[in-house]
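Shown below: query_38.pdb, with PDB, C-alpha atoms.
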```pdb
ATOM      1  CA  MET A   1      51.723 -79.488 -29.629
ATOM      2  CA  THR A   2      48.239 -78.494 -28.562
ATOM      3  CA  VAL A   3      46.075 -76.582 -30.940
ATOM      4  CA  THR A   4      43.562 -74.267 -29.252
ATOM      5  CA  ALA A   5      40.324 -73.761 -31.107
ATOM      6  CA  PRO A   6      39.268 -70.167 -31.592
ATOM      7  CA  PRO A   7      36.487 -68.990 -29.259
ATOM      8  CA  ILE A   8      33.043 -69.183 -30.651
ATOM      9  CA  MET A   9      31.470 -65.753 -30.808
ATOM     10  CA  PHE A  10      27.775 -65.758 -30.066
ATOM     11  CA  ASP A  11      25.981 -63.299 -32.244
ATOM     12  CA  PRO A  12      22.355 -63.049 -31.109
ATOM     13  CA  PRO A  13      19.825 -62.351 -33.755
ATOM     14  CA  ARG A  14      19.183 -58.682 -34.105
ATOM     15  CA  ARG A  15      15.652 -57.621 -34.261
ATOM     16  CA  ARG A  16      14.918 -54.427 -35.970
ATOM     17  CA  ARG A  17      12.569 -52.150 -34.115
ATOM     18  CA  PRO A  18       9.632 -50.942 -36.044
ATOM     19  CA  GLU A  19       9.794 -47.264 -36.704
ATOM     20  CA  ILE A  20       7.521 -45.167 -34.571
ATOM     21  CA  VAL A  21       5.734 -42.569 -36.577
ATOM     22  CA  GLN A  22       4.025 -39.860 -34.556
ATOM     23  CA  GLU A  23       0.991 -38.551 -36.238
ATOM     24  CA  PRO A  24       0.532 -34.781 -36.072
ATOM     25  CA  ILE A  25      -1.788 -33.683 -33.296
ATOM     26  CA  ASP A  26      -4.840 -31.692 -34.180
ATOM     27  CA  ALA A  27      -4.506 -28.600 -31.975
ATOM     28  CA  SER A  28      -7.774 -27.087 -33.046
ATOM     29  CA  GLY A  29      -9.566 -28.366 -29.961
ATOM     30  CA  ILE A  30      -6.863 -27.312 -27.495
ATOM     31  CA  GLY A  31      -7.271 -23.565 -27.921
ATOM     32  CA  ASP A  32      -4.891 -20.742 -28.528
ATOM     33  CA  VAL A  33      -1.355 -21.455 -27.441
ATOM     34  CA  GLN A  34      -0.293 -17.859 -27.698
ATOM     35  CA  ARG A  35      -2.381 -14.900 -28.658
ATOM     36  CA  GLU A  36      -2.861 -11.296 -27.777
ATOM     37  CA  LEU A  37      -5.137 -10.777 -24.795
ATOM     38  CA  ALA A  38      -8.370  -8.943 -25.253
ATOM     39  CA  PHE A  39      -8.817  -5.685 -23.378
ATOM     40  CA  TRP A  40     -11.164  -7.148 -20.765
ATOM     41  CA  GLU A  41      -8.797 -10.101 -20.212
ATOM     42  CA  TRP A  42      -5.912  -7.682 -19.702
ATOM     43  CA  LEU A  43      -7.971  -5.771 -17.157
ATOM     44  CA  LEU A  44      -8.845  -8.917 -15.206
ATOM     45  CA  ASN A  45      -5.152  -9.881 -15.107
ATOM     46  CA  ASN A  46      -4.269  -6.454 -13.695
ATOM     47  CA  GLN A  47      -4.070  -6.538  -9.896
ATOM     48  CA  ALA A  48      -4.649  -2.798  -9.506
ATOM     49  CA  PHE A  49      -7.836  -2.986 -11.557
ATOM     50  CA  ARG A  50      -9.115  -5.923  -9.507
ATOM     51  CA  ARG A  51      -8.571  -3.995  -6.282
ATOM     52  CA  VAL A  52     -10.305  -0.918  -7.678
ATOM     53  CA  LEU A  53     -13.174  -3.153  -8.763
ATOM     54  CA  VAL A  54     -13.514  -4.575  -5.246
ATOM     55  CA  LEU A  55     -13.546  -1.044  -3.794
ATOM     56  CA  ALA A  56     -16.144   0.048  -6.333
ATOM     57  CA  VAL A  57     -18.410  -2.872  -5.401
ATOM     58  CA  LEU A  58     -18.060  -2.019  -1.696
ATOM     59  CA  LEU A  59     -18.872   1.649  -2.295
ATOM     60  CA  VAL A  60     -21.910   0.835  -4.416
ATOM     61  CA  THR A  61     -23.115  -1.561  -1.703
ATOM     62  CA  TRP A  62     -22.574   1.158   0.901
ATOM     63  CA  GLU A  63     -24.574   3.703  -1.105
ATOM     64  CA  ALA A  64     -27.414   1.279  -1.791
ATOM     65  CA  TYR A  65     -27.726   0.123   1.818
ATOM     66  CA  ALA A  66     -27.614   3.676   3.212
ATOM     67  CA  ARG A  67     -30.361   4.801   0.833
ATOM     68  CA  TRP A  68     -32.443   1.754   1.743
ATOM     69  CA  ALA A  69     -31.946   2.294   5.509
ATOM     70  CA  ASP A  70     -32.752   6.016   5.128
ATOM     71  CA  SER A  71     -31.137   7.002   8.444
ATOM     72  CA  PRO A  72     -28.573   9.784   7.798
ATOM     73  CA  LEU A  73     -27.850  10.240  11.493
ATOM     74  CA  LEU A  74     -26.792   6.616  11.954
ATOM     75  CA  PHE A  75     -25.517   5.610   8.528
ATOM     76  CA  PRO A  76     -24.987   8.322   5.906
ATOM     77  CA  THR A  77     -24.651   7.557   2.215
ATOM     78  CA  PHE A  78     -21.294   7.448   0.508
ATOM     79  CA  SER A  79     -22.175  10.580  -1.472
ATOM     80  CA  GLU A  80     -22.750  12.533   1.765
ATOM     81  CA  THR A  81     -19.497  11.186   3.217
ATOM     82  CA  ALA A  82     -17.593  12.070   0.048
ATOM     83  CA  ARG A  83     -19.076  15.581   0.116
ATOM     84  CA  ALA A  84     -17.933  16.100   3.726
ATOM     85  CA  PHE A  85     -14.528  14.603   2.930
ATOM     86  CA  LEU A  86     -13.941  16.845  -0.090
ATOM     87  CA  GLN A  87     -15.179  19.924   1.743
ATOM     88  CA  ASP A  88     -12.756  19.501   4.662
ATOM     89  CA  LEU A  89      -9.976  18.426   2.305
ATOM     90  CA  LEU A  90     -10.319  21.558   0.197
ATOM     91  CA  ASN A  91     -10.502  23.944   3.155
ATOM     92  CA  GLY A  92      -7.355  22.338   4.629
ATOM     93  CA  THR A  93      -8.878  20.846   7.774
ATOM     94  CA  LEU A  94      -8.282  17.209   6.912
ATOM     95  CA  LEU A  95      -4.815  17.893   5.543
ATOM     96  CA  ASP A  96      -3.794  19.702   8.725
ATOM     97  CA  ARG A  97      -5.208  16.931  10.937
ATOM     98  CA  THR A  98      -3.458  14.269   8.851
ATOM     99  CA  LEU A  99      -0.079  15.994   9.112
ATOM    100  CA  THR A 100      -0.592  16.398  12.849
ATOM    101  CA  SER A 101      -1.125  12.644  13.152
ATOM    102  CA  LEU A 102       1.726  11.650  10.848
ATOM    103  CA  ARG A 103       4.423  13.554  12.790
ATOM    104  CA  PRO A 104       4.258  11.498  16.014
ATOM    105  CA  LEU A 105       3.574   8.396  13.929
ATOM    106  CA  ALA A 106       6.845   8.839  12.026
ATOM    107  CA  LEU A 107       8.804   9.499  15.228
ATOM    108  CA  GLY A 108       7.321   6.527  17.081
ATOM    109  CA  TYR A 109       7.650   4.152  14.155
ATOM    110  CA  ALA A 110      11.278   5.091  13.558
ATOM    111  CA  GLY A 111      12.073   4.808  17.266
ATOM    112  CA  GLY A 112      10.436   1.391  17.462
ATOM    113  CA  LEU A 113      12.404   0.127  14.452
ATOM    114  CA  VAL A 114      15.714   1.340  15.882
ATOM    115  CA  LEU A 115      15.100  -0.290  19.262
ATOM    116  CA  ALA A 116      13.905  -3.504  17.609
ATOM    117  CA  GLY A 117      17.062  -3.622  15.477
ATOM    118  CA  ILE A 118      19.292  -3.126  18.518
ATOM    119  CA  LEU A 119      17.518  -5.789  20.588
ATOM    120  CA  THR A 120      17.436  -8.401  17.835
ATOM    121  CA  THR A 121      21.096  -7.830  16.941
ATOM    122  CA  PHE A 122      22.018  -8.264  20.595
ATOM    123  CA  ALA A 123      19.836 -11.391  20.757
ATOM    124  CA  VAL A 124      21.504 -12.973  17.721
ATOM    125  CA  LEU A 125      25.046 -12.284  18.862
ATOM    126  CA  SER A 126      24.712 -13.538  22.429
ATOM    127  CA  ARG A 127      22.713 -16.063  24.390
ATOM    128  CA  VAL A 128      22.029 -13.517  27.124
ATOM    129  CA  GLY A 129      20.557 -11.146  24.546
ATOM    130  CA  ALA A 130      18.274 -13.885  23.232
ATOM    131  CA  ASP A 131      17.032 -14.603  26.757
ATOM    132  CA  VAL A 132      16.458 -10.902  27.432
ATOM    133  CA  LEU A 133      14.516 -10.368  24.198
ATOM    134  CA  SER A 134      12.431 -13.514  24.650
ATOM    135  CA  THR A 135      11.529 -12.516  28.194
ATOM    136  CA  LEU A 136      10.676  -8.931  27.304
ATOM    137  CA  THR A 137       8.628 -10.004  24.278
ATOM    138  CA  SER A 138       6.644 -12.488  26.351
ATOM    139  CA  MET A 139       5.957  -9.762  28.935
ATOM    140  CA  PHE A 140       5.128  -6.731  26.815
ATOM    141  CA  ASN A 141       3.879  -8.053  23.471
ATOM    142  CA  PRO A 142       0.457  -9.099  24.881
ATOM    143  CA  LEU A 143       0.130  -5.721  26.650
ATOM    144  CA  PRO A 144      -2.044  -3.330  24.590
ATOM    145  CA  ALA A 145      -0.260  -0.082  23.849
ATOM    146  CA  ILE A 146      -3.337   1.959  24.716
ATOM    147  CA  ALA A 147      -3.170   0.513  28.256
ATOM    148  CA  LEU A 148       0.098   2.409  28.742
ATOM    149  CA  LEU A 149      -1.535   5.727  27.854
ATOM    150  CA  PRO A 150      -2.315   6.765  31.474
ATOM    151  CA  LEU A 151       1.285   6.038  32.418
ATOM    152  CA  ALA A 152       2.529   8.016  29.415
ATOM    153  CA  LEU A 153       0.363  10.974  30.438
ATOM    154  CA  MET A 154       1.823  10.880  33.950
ATOM    155  CA  TRP A 155       5.418  10.731  32.666
ATOM    156  CA  PHE A 156       5.332  12.981  29.611
ATOM    157  CA  GLY A 157       2.142  14.995  29.905
ATOM    158  CA  LEU A 158      -0.412  15.799  27.249
ATOM    159  CA  GLY A 159       1.408  16.057  23.927
ATOM    160  CA  THR A 160       3.553  14.403  21.289
ATOM    161  CA  PRO A 161       5.963  12.559  23.667
ATOM    162  CA  SER A 162       3.079  10.528  25.114
ATOM    163  CA  LEU A 163       1.945   9.509  21.633
ATOM    164  CA  VAL A 164       5.481   8.599  20.613
ATOM    165  CA  PHE A 165       5.884   6.455  23.732
ATOM    166  CA  VAL A 166       2.783   4.329  23.103
ATOM    167  CA  ILE A 167       3.587   4.044  19.374
ATOM    168  CA  ILE A 168       7.103   2.790  20.133
ATOM    169  CA  HIS A 169       5.598   0.145  22.403
ATOM    170  CA  SER A 170       3.165  -1.001  19.706
ATOM    171  CA  VAL A 171       5.899  -1.217  17.061
ATOM    172  CA  LEU A 172       8.854  -2.548  19.012
ATOM    173  CA  TRP A 173       7.686  -6.017  20.049
ATOM    174  CA  ALA A 174       5.947  -6.954  16.801
ATOM    175  CA  VAL A 175       8.975  -6.035  14.690
ATOM    176  CA  ALA A 176      11.465  -7.605  17.115
ATOM    177  CA  LEU A 177       9.509 -10.873  17.320
ATOM    178  CA  ASN A 178       9.205 -11.253  13.533
ATOM    179  CA  THR A 179      12.836 -10.275  12.978
ATOM    180  CA  LEU A 180      14.115 -12.752  15.554
ATOM    181  CA  THR A 181      11.947 -15.494  14.035
ATOM    182  CA  GLY A 182      13.365 -14.688  10.612
ATOM    183  CA  PHE A 183      16.943 -14.753  11.901
ATOM    184  CA  ARG A 184      16.407 -18.149  13.507
ATOM    185  CA  SER A 185      14.999 -19.571  10.262
ATOM    186  CA  VAL A 186      18.108 -18.698   8.224
ATOM    187  CA  PRO A 187      19.685 -21.954   6.940
ATOM    188  CA  GLU A 188      22.849 -23.083   8.653
ATOM    189  CA  THR A 189      24.617 -23.199   5.280
ATOM    190  CA  LEU A 190      24.269 -19.441   4.884
ATOM    191  CA  ARG A 191      25.422 -18.891   8.441
ATOM    192  CA  LEU A 192      28.558 -20.976   7.914
ATOM    193  CA  SER A 193      29.234 -19.251   4.586
ATOM    194  CA  GLY A 194      29.145 -15.873   6.268
ATOM    195  CA  ARG A 195      31.479 -16.988   9.040
ATOM    196  CA  ASN A 196      33.875 -18.564   6.542
ATOM    197  CA  CYS A 197      34.022 -15.198   4.758
ATOM    198  CA  GLY A 198      35.188 -13.607   7.989
ATOM    199  CA  LEU A 199      31.935 -11.830   8.856
ATOM    200  CA  ARG A 200      31.449 -11.238  12.546
ATOM    201  CA  GLY A 201      29.245  -9.108  14.755
ATOM    202  CA  VAL A 202      27.143  -6.391  13.150
ATOM    203  CA  ARG A 203      28.578  -7.087   9.670
ATOM    204  CA  TYR A 204      27.458 -10.721   9.961
ATOM    205  CA  VAL A 205      23.929  -9.590  10.851
ATOM    206  CA  ALA A 206      23.782  -6.919   8.122
ATOM    207  CA  TYR A 207      25.269  -8.930   5.242
ATOM    208  CA  VAL A 208      23.967 -12.445   5.985
ATOM    209  CA  LEU A 209      21.022 -12.537   8.370
ATOM    210  CA  VAL A 210      19.091  -9.457   7.263
ATOM    211  CA  PRO A 211      18.926 -10.317   3.519
ATOM    212  CA  ALA A 212      18.116 -13.977   4.235
ATOM    213  CA  ALA A 213      15.405 -13.129   6.765
ATOM    214  CA  PHE A 214      14.017 -10.087   4.972
ATOM    215  CA  PRO A 215      10.585 -11.633   4.151
ATOM    216  CA  ALA A 216       9.944 -12.109   7.871
ATOM    217  CA  ILE A 217      11.356  -8.659   8.623
ATOM    218  CA  LEU A 218       9.070  -7.092   6.022
ATOM    219  CA  THR A 219       6.092  -8.855   7.574
ATOM    220  CA  GLY A 220       7.107  -7.420  10.930
ATOM    221  CA  LEU A 221       7.347  -3.935   9.423
ATOM    222  CA  LYS A 222       3.810  -4.223   8.042
ATOM    223  CA  ILE A 223       2.415  -5.495  11.342
ATOM    224  CA  GLY A 224       4.268  -2.774  13.248
ATOM    225  CA  TRP A 225       2.881  -0.095  10.931
ATOM    226  CA  ALA A 226      -0.683  -1.369  11.382
ATOM    227  CA  PHE A 227      -0.291  -1.472  15.171
ATOM    228  CA  ALA A 228       1.225   2.011  15.219
ATOM    229  CA  TRP A 229      -1.519   3.557  13.091
ATOM    230  CA  ARG A 230      -4.311   1.985  15.141
ATOM    231  CA  THR A 231      -2.658   2.961  18.421
ATOM    232  CA  LEU A 232      -2.231   6.563  17.294
ATOM    233  CA  VAL A 233      -5.858   6.986  16.247
ATOM    234  CA  ALA A 234      -7.082   5.312  19.455
ATOM    235  CA  ALA A 235      -4.834   7.519  21.610
ATOM    236  CA  GLU A 236      -6.059  10.673  19.866
ATOM    237  CA  LEU A 237      -9.640   9.553  20.441
ATOM    238  CA  VAL A 238      -8.883   9.220  24.155
ATOM    239  CA  PHE A 239      -7.057  12.438  24.978
ATOM    240  CA  GLY A 240      -7.325  14.398  21.753
ATOM    241  CA  VAL A 241      -4.741  16.995  20.895
ATOM    242  CA  SER A 242      -1.075  16.100  20.505
ATOM    243  CA  SER A 243       0.266  19.613  19.977
ATOM    244  CA  ARG A 244      -1.537  22.796  18.977
ATOM    245  CA  SER A 245      -4.286  20.902  17.138
ATOM    246  CA  GLY A 246      -5.676  17.399  17.166
ATOM    247  CA  GLY A 247      -5.076  14.685  14.610
ATOM    248  CA  LEU A 248      -7.458  12.455  12.738
ATOM    249  CA  GLY A 249      -8.621  10.722  15.904
ATOM    250  CA  TRP A 250      -9.593  14.043  17.448
ATOM    251  CA  TYR A 251     -11.279  15.027  14.181
ATOM    252  CA  VAL A 252     -13.516  11.952  14.484
ATOM    253  CA  PHE A 253     -14.169  12.679  18.178
ATOM    254  CA  GLU A 254     -15.196  16.273  17.466
ATOM    255  CA  ALA A 255     -17.523  15.191  14.656
ATOM    256  CA  ARG A 256     -19.115  12.622  16.974
ATOM    257  CA  ALA A 257     -19.662  15.288  19.655
ATOM    258  CA  GLU A 258     -21.343  17.524  17.070
ATOM    259  CA  MET A 259     -23.468  14.592  15.815
ATOM    260  CA  ASP A 260     -22.069  15.173  12.330
ATOM    261  CA  THR A 261     -22.118  11.572  11.143
ATOM    262  CA  PRO A 262     -20.870  12.252   7.573
ATOM    263  CA  LYS A 263     -17.744  13.896   9.050
ATOM    264  CA  VAL A 264     -17.247  10.893  11.353
ATOM    265  CA  PHE A 265     -17.302   8.621   8.309
ATOM    266  CA  ALA A 266     -15.061  11.067   6.433
ATOM    267  CA  GLY A 267     -12.474  10.824   9.220
ATOM    268  CA  LEU A 268     -12.651   7.043   9.244
ATOM    269  CA  PHE A 269     -12.402   7.056   5.456
ATOM    270  CA  SER A 270      -9.218   9.161   5.752
ATOM    271  CA  VAL A 271      -7.704   6.649   8.179
ATOM    272  CA  ILE A 272      -8.502   3.779   5.800
ATOM    273  CA  LEU A 273      -7.210   5.698   2.785
ATOM    274  CA  ILE A 274      -3.851   6.424   4.424
ATOM    275  CA  GLY A 275      -3.521   2.768   5.404
ATOM    276  CA  LEU A 276      -4.220   1.667   1.826
ATOM    277  CA  LEU A 277      -1.711   4.147   0.405
ATOM    278  CA  VAL A 278       1.072   3.057   2.761
ATOM    279  CA  GLU A 279       0.378  -0.633   2.113
ATOM    280  CA  SER A 280      -0.084  -0.366  -1.664
ATOM    281  CA  VAL A 281       2.615   2.201  -2.445
ATOM    282  CA  ILE A 282       5.410   2.152   0.128
ATOM    283  CA  PHE A 283       5.425  -1.479   1.250
ATOM    284  CA  ARG A 284       4.566  -2.744  -2.232
ATOM    285  CA  ALA A 285       7.564  -0.871  -3.671
ATOM    286  CA  ILE A 286       9.859  -2.262  -0.960
ATOM    287  CA  GLU A 287       8.539  -5.769  -1.564
ATOM    288  CA  TYR A 288       9.011  -5.502  -5.327
ATOM    289  CA  ARG A 289      12.570  -4.185  -5.058
ATOM    290  CA  THR A 290      13.693  -6.751  -2.491
ATOM    291  CA  VAL A 291      12.074 -10.138  -1.917
ATOM    292  CA  GLN A 292      10.396 -10.410  -5.336
ATOM    293  CA  ARG A 293      13.502  -9.309  -7.215
ATOM    294  CA  TRP A 294      15.642 -11.685  -5.156
ATOM    295  CA  GLY A 295      13.319 -14.594  -6.003
ATOM    296  CA  MET A 296      12.295 -15.141  -2.372
ATOM    297  CA  GLN A 297       8.602 -14.550  -3.011
ATOM    298  CA  ASN A 298       6.237 -15.040  -5.932
TER
END
```
Encoded form using C-alpha cells:
Amino acid sequence: MTVTAPPIMFDPPRRRRPEIVQEPIDASGIGDVQRELAFWEWLLNNQAFRRVLVLAVLLVTWEAYARWADSPLLFPTFSETARAFLQDLLNGTLLDRTLTSLRPLALGYAGGLVLAGILTTFAVLSRVGADVLSTLTSMFNPLPAIALLPLALMWFGLGTPSLVFVIIHSVLWAVALNTLTGFRSVPETLRLSGRNCGLRGVRYVAYVLVPAAFPAILTGLKIGWAFAWRTLVAAELVFGVSSRSGGLGWYVFEARAEMDTPKVFAGLFSVILIGLLVESVIFRAIEYRTVQRWGMQN
C-alpha cells in the first residue's frame, strides 16, 4: 500500500503595505472654486453685451475719424448719419423703402429654398439627379446673379419679377450645394437605420437626412440669405424701382444723386442693420432650437 504525502502548500510571506495618508491640500492659493460672479464679469460673459461693445467701439471710432477728417461731403460723422436716419425713419420714408425691398426678397428667398429642396431631394434619391445637380451647380454657382439682370429685364421687364428671378439664382445654388454636402456627410449607420425602419423616398430624406445634415443646411440658409440681400440691393442700385417706389438700393442711389452723403450712409446703415437683425434674431433662434439643443454644435 502506497501512502501519498499531502501536497506542500507554499504560503509566500505577506508584506503589509504602508498606509498612504493624503495630507489636506491648501486651496488658498488656487482661487475660488465656486463663487458668484461680479457684475462686470457677468457682462463680459454675456455675448450680447460683447457684441454691443464692439459696435460701440466702431461707432466711436467712426465719429472721431469723421471729425478729424472734417469732410462732411465725403465722410459724414455718425451723429449726422443718425440724424438723417431718424428723420427719414420717423417720416416713414425708410420704412416704406425697407418694406418695398423685403417683399421681393421674401419671394425670391422662398422660391430659391423650394427649388433647392426639390433638386437636392432628387439628387439624393437617384444617381441621375446627383449628376444633374452637380452639373448645374458647377455651371451656375460661379455666375454672379447681377450678371443675369439684363436677361431678367428682357424677360420680365422692370419690376418685381426681375428682382425675384435674380434673387432665386443667388439663393438656389448656395443652398443646394451646402445641403447636398450635408447629405453626403451623413454617417452610413444613420442611413442604414433609416432604411431598416422602412423609410424610403421623401420620408427618408425628411426624417433621416435633414436632421442629420441640418448644420450644413443652416449654413447654406445663412449664405443664401446674405447672397440674396446683397443681390437685391445691387439690383435696385442698377435699375431702381421694383414697383411703385424704389427700395433701399434706390434710396441710396437717389441720395448719391442729390449729393446727400449722410442719407447715403443712412441707407447703408439700414442695410447693415437689417442684416444684423436677421442674423442675430431669426437665424440665432433657429440655431438655438435645433443644432444646439440637439447637441450637434457648441
All residues 12 Å or closer to Val210 in chain A, all atoms listed in the file, same chain fewer than 3 positions away omitted, as a PyMOL selection string: chain A and resi 117+120-121+124+178-186+190-191+194+202-207+213-218+290-291
Evaluate the PyMOL selection byres ((chain A and resi 97) around 12) and report residues as a PyMOL selection string: chain A and resi 88-89+91-96+98-103+233+236+240-252+254+267+270-271
Between CA of Thr137 in chain A and CA of Leu177 in chain A, distance in Å (one decimal): 7.1 Å
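The two atoms in question, CA of Ala176 in chain A and CA of Ala110 in chain A, are spaced 13.2 Å apart.
If only C-alpha atoms are the atoms counted, then among A:Arg50, A:Lys222, A:His169, A:Arg127 the closest residue to Asn141 in chain A is A:His169.
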Exactly which residues make up the result of the PyMOL selection byres ((chain A and resi 63-67) around 12) on this file, given as a ChimeraX atom specification? /A:56-62,68-82,262
Give me a file of those residues, with C-alpha atoms, as a PDB file, in the frame of the given file.
```pdb
ATOM      1  CA  ALA A  56     -16.144   0.048  -6.333  1.00  0.00           C
ATOM      2  CA  VAL A  57     -18.410  -2.872  -5.401  1.00  0.00           C
ATOM      3  CA  LEU A  58     -18.060  -2.019  -1.696  1.00  0.00           C
ATOM      4  CA  LEU A  59     -18.872   1.649  -2.295  1.00  0.00           C
ATOM      5  CA  VAL A  60     -21.910   0.835  -4.416  1.00  0.00           C
ATOM      6  CA  THR A  61     -23.115  -1.561  -1.703  1.00  0.00           C
ATOM      7  CA  TRP A  62     -22.574   1.158   0.901  1.00  0.00           C
ATOM      8  CA  TRP A  68     -32.443   1.754   1.743  1.00  0.00           C
ATOM      9  CA  ALA A  69     -31.946   2.294   5.509  1.00  0.00           C
ATOM     10  CA  ASP A  70     -32.752   6.016   5.128  1.00  0.00           C
ATOM     11  CA  SER A  71     -31.137   7.002   8.444  1.00  0.00           C
ATOM     12  CA  PRO A  72     -28.573   9.784   7.798  1.00  0.00           C
ATOM     13  CA  LEU A  73     -27.850  10.240  11.493  1.00  0.00           C
ATOM     14  CA  LEU A  74     -26.792   6.616  11.954  1.00  0.00           C
ATOM     15  CA  PHE A  75     -25.517   5.610   8.528  1.00  0.00           C
ATOM     16  CA  PRO A  76     -24.987   8.322   5.906  1.00  0.00           C
ATOM     17  CA  THR A  77     -24.651   7.557   2.215  1.00  0.00           C
ATOM     18  CA  PHE A  78     -21.294   7.448   0.508  1.00  0.00           C
ATOM     19  CA  SER A  79     -22.175  10.580  -1.472  1.00  0.00           C
ATOM     20  CA  GLU A  80     -22.750  12.533   1.765  1.00  0.00           C
ATOM     21  CA  THR A  81     -19.497  11.186   3.217  1.00  0.00           C
ATOM     22  CA  ALA A  82     -17.593  12.070   0.048  1.00  0.00           C
ATOM     23  CA  PRO A 262     -20.870  12.252   7.573  1.00  0.00           C
TER      24      PRO A 262
END
```
Calculate how many Å separate CA of Val164 in chain A from CA of Gly112 in chain A, rounding to one decimal. 9.3 Å
Near Phe165 in chain A, within 9 Å and counting all atoms listed in the file, which residues show up once chain neighbours fewer than 5 positions away are dropped, as an mmCIF file with C-alpha atoms, keeping the file's coordinate frame?
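The result, written out as part35.cif:
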```cif
data_model
loop_
_atom_site.group_PDB
_atom_site.id
_atom_site.type_symbol
_atom_site.label_atom_id
_atom_site.label_comp_id
_atom_site.auth_asym_id
_atom_site.auth_seq_id
_atom_site.Cartn_x
_atom_site.Cartn_y
_atom_site.Cartn_z
ATOM 1 C CA GLY A 108 7.321 6.527 17.081
ATOM 2 C CA ALA A 145 -0.260 -0.082 23.849
ATOM 3 C CA LEU A 148 0.098 2.409 28.742
ATOM 4 C CA LEU A 149 -1.535 5.727 27.854
ATOM 5 C CA ALA A 152 2.529 8.016 29.415
ATOM 6 C CA PHE A 156 5.332 12.981 29.611
ATOM 7 C CA THR A 160 3.553 14.403 21.289
ATOM 8 C CA SER A 170 3.165 -1.001 19.706
#
```
When the PyMOL selection byres ((chain A and resi 279-284) around 10) is applied to the file above, which residues end up in the set, as a ChimeraX atom specification? /A:48,218-219,221-222,225-226,273-278,285-290
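Nearest residue to Trp173 in chain A, choosing from A:Gly201, A:Gly224, A:Pro150, A:Gly111 and counting only C-alpha atoms: A:Gly224.
For the residues A:Trp229, A:Leu172, A:Arg293, A:Pro211, ranking by smallest atom-to-atom distance to Leu136 in chain A using all atoms listed in the file places A:Leu172 first.
With all atoms listed in the file as the atoms that count, the minimum distance from Val114 in chain A to the choices A:Ala266, A:Val238, A:Ile168, A:Leu55 is reached by A:Ile168.
Among the candidates A:Leu163, A:Thr189, A:Thr135, A:Pro144, the residue lying nearest to Tyr109 in chain A is A:Leu163 (atoms considered: all atoms listed in the file).
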